[in-house]
Amino acid sequence: MLDSQIINVRDLEFQLFEALDAEALTQRERHADHSRETFMAALETAHAIAADKFAPHNRASDEHEPQFDGQRVSMRAEVGEALEAYCSTGLLAAGKDYDAGGMQLPALMTNACLSLFKSANIATSSYVMLTMANANVIERFGTPRQKDRYLQPLLEGRFFGTMALTEPQAGSSLSDLVTSATPNGDGTYSLRGNKIFISGGDHELTENIVHLVLARIPGGSPGVKGISLFTVPKFHVNDDGSLGERNDVALAGLIHKMGWRGTTSTMLSFGENGTCVGELVGEPHQGLACMFHMMNEARIGVGLGAVMLGYRGYLASLDYARERPQGRRPGNKDPQAPQLPLIEHADVRRMLLAQKAYVEGGYGLCLYAARLVDEQHTGESEAARAEAGLLLDLLTPVVKSWPSQWCLEANSLAIQIHGGYGYTREYPVEQFYRDNRLNMIHEGAHGIQALDLLGRKVMMKDGAALATLATEVRNTIAEARRVATLQESANALERAIGAIAETVTLLRTALAKDTDLALANASAFLEAFGHVVVAWVWLRQAVVAVRALPSAKSEADADFYRGKLQTCQWFYRWELPRIDTQLERLRALDDTTLDMSPAWF
């Protein structure tokens with residue numbers, strides 16, 4: 001990989017091999033056949049396909065989105081060609097066992113590879129992202145029969161997968177789902193109901209589509225405790241693996257969104273004719289626990305996608321700022337003086353610094369989460385694996401929401417740097433913004449993630465996850481304090497993590513007395529907590545950069561490290577102070593929002 005508009009390759013290598021020590025994973029039995037060279041070979045393969053097959057039709061699939069004529073869905077041929085190229089390399093199964101046709105790549109590397117496709121074309125890459133998550137659920141919770149019928153075709157890309165949760169009347173409130181599943185007496189169930197906003201819900205890209213559907217078995221408890229999970233294929237699969245008749249799953253229509261236009265967003269009807277057959281996944285009434293396995297993976301995927309769309313906008317606006325001459329310095333009043341490139345203007349550099357801070361910080365956060373998946377699966381001790389699981393549970397809502405908010409802001413700044421041209425379709429930054437705006441609601445809106453973080457994750461196991469994170473943060477602070485130029489940031493982070501702990505202590509007491517009041521401003525807590533976590537990610541990167549700078553291999557390499565250090569400083573001086581007011585209001589248990597009557601709007 002050399003020059004790329006998909007990713008800053010130097011940053012990719014820094015994040016993986018310097019900040020997150022990917023090579024250390026090769027010392028573990030599962031990844032012992034790998035090395036930095038095999039990791040780079042996988043990345044180079046992914047980059048080549050992403051650049052050659054995914055990126056070229058990103059604009060075309062946005063302008064010519066899928067269409068439904070009442071019988072079939074049609075879309076641009078390049079989408080299928082790109083996905084075929086992706087699947088033919090084995091990337092869908094890259095993290096799986098050798099026996100399953102996989103490469104046994106660490107989650108860190110599979111996510112790094114996937115990030116290149118998300119950057120190149122978020123809409124086309126969504127089909128494989130959903131399929132990976134679908135296959136993981138079936139692998140973990142499916143019956144032997146389900147695994148035999150679906151798993152290998154999914155991992156080979158002959159089948160694609162979806163998750164069908166949302167219903168028109170329920171939205172994000174899963175406790176209000178009404179799709180039913182009636183036992184047929186032979187181990188199968190008849191499903192009836194409607195699902196909406198199902199990404200990848202119908203197409204002709206593959207032989208079959210396997211839907212994972214949430215539905216209720218008669219006699220189950222009301223609310224989320226009565227929900228079960230089912231495999232519902234578009235076409236039935238015979239015992240020999242061949243396709244049988246079409247199942248009673250109908251496409252009621254396509255939804256045309258502002259972004260991700262190359263992904264079919266569907267309204268699906270199950271059982272219109274009374275013949276929709278599905279099979280139970282896992283135990284009855286435990287469907288949400290099974291589906292959360294997929295949803296948590298998807299939440300990390302959404303965060304990574306948000307980062308990469310922000311990254312694309314940053315790289316595009318950086319190139320534009322270097323090349324576009326406009327204006328002169330404020331002190332130069334000579335209209336005959338040559339114009340300066342935009343990047344010479346302080347306010348443009350401010351916007352570029354903000355973008356760099358958001359996208360490279362967000363990228364570090366998402367890849368750290370992937371590294372935690374590896375620790376959870378292959379950590380050297382049971383304690384290390386458990387600790388990684390705690391951290392991953394705590395950080396998942398942040399990984400989803402922080403990039404979805406702040407890397408979208410990076411896209412907004414990219415448009416601003418382009419000026420009037422940024423709002424035209426001649427330049428790509430407006431599409432990156434439209435595509436990224438969807439990520440704020442994918443896999444649960446900002447407020448839902450906030451309730452999960454404050455109402456559950458920071459409080460679970462008497463604050464054990466938060467205590468574990470605080471220990472990790474303070475370890476980084478101790479390292480940073482050994483470097484004179486990082487002491488200011490280290491001290492700021494120490495104050496910030498202390499303020500988070502103080503706020504959580506107060507809110508824990510408030511939750512026991514008045515849940516509604518304690519959670520009324522949960523979104524402010526999510527934003528403040530996310531900023532502290534990303535500040536920690538940046539300090540981790542700064543520690544690595546300051547140690548590497550004296551032995552930089554070239555002036556360009558030295559500039560790269562200096563850029564990391566300057567961006568870390570900017571984040572600490574301009575972004576981290578945002579949390580002070582938020583945490584102050586949270587500790588005051590401000591009731592302004594809660595006490596605003598709907599009649600007063």
# chains A, B, ... in the order shown; residues from 1 in each chain; ligands from 1

$ residues_around --residues "A:Gly274" --least-positions-apart "4" --cutoff "8 Å" --atoms "only C-alpha atoms" --output "list in words"
Ser190, Leu191, Arg192 and Asp248 of chain A

$ residues_around --residues "A:Ser126" --least-positions-apart "5" --cutoff "12 Å" --atoms "only C-alpha atoms" --output "VMD selection string"
chain A and resid 54 79 83 114 to 115 117 to 121 131 to 133 160 to 162 198 to 201 260 to 265 298 301 to 302 304 to 305 435 442

$ closest_residue --among "A:Leu318, A:Leu451, A:Gly171, A:Ser551" --to "A:Arg349" --atoms "only C-alpha atoms"
A:Leu318

$ atom_distance --atom1 "atom CA of A:Glu426" --atom2 "atom CA of A:Gly327"
22.5 Å

$ closest_residue --among "A:Ile343, A:Ala250, A:Ile477, A:Leu583" --to "A:Arg72" --atoms "only C-alpha atoms"
A:Ala250

$ select_by_dssp --residues "stretch 359-480 of chain A" --states "alpha helix (DSSP H)" --output "PyMOL selection string"
chain A and resi 359-378+382-418+429-437+446-452+460-480

$ residues_around --residues "stretch 33-38 of chain A" --least-positions-apart "3" --cutoff "9 Å" --atoms "only C-alpha atoms" --output "ChimeraX atom specification"
/A:17,22-23,25-27,29-30,41-43,104-105

$ closest_residue --among "A:Leu288, A:Thr468, A:Leu315, A:Ser180" --to "A:Gly271" --atoms "only C-alpha atoms"
A:Ser180

$ residues_around --residues "A:Gln326" --least-positions-apart "2" --cutoff "8 Å" --atoms "only C-alpha atoms" --output "JSON, numbers by chain"
{"A": [324, 328, 339, 340, 341, 342]}

$ closest_residue --among "A:Gln376, A:Ser4, A:Asn208, A:Ser597" --to "A:Leu243" --atoms "only C-alpha atoms"
A:Asn208

$ select_by_dssp --residues "stretch 52-258 of chain A" --states "strand (DSSP E)" --output "ChimeraX atom specification"
/A:67-68,73-74,159-164,180-183,188-199,208-216,227-233,235-237,243-246,249-255

$ atom_distance --atom1 "atom CA of A:Pro284" --atom2 "atom CA of A:Thr182"
11.9 Å

$ atom_distance --atom1 "atom CA of A:Lys234" --atom2 "atom CA of A:Asn247"
5.4 Å

$ closest_residue --among "A:Ala337, A:Leu466, A:Val359, A:Ala94" --to "A:Leu390" --atoms "only C-alpha atoms"
A:Leu466

$ closest_residue --among "A:Glu575, A:Glu443, A:Glu479, A:Glu78" --to "A:Gly303" --atoms "only C-alpha atoms"
A:Glu443
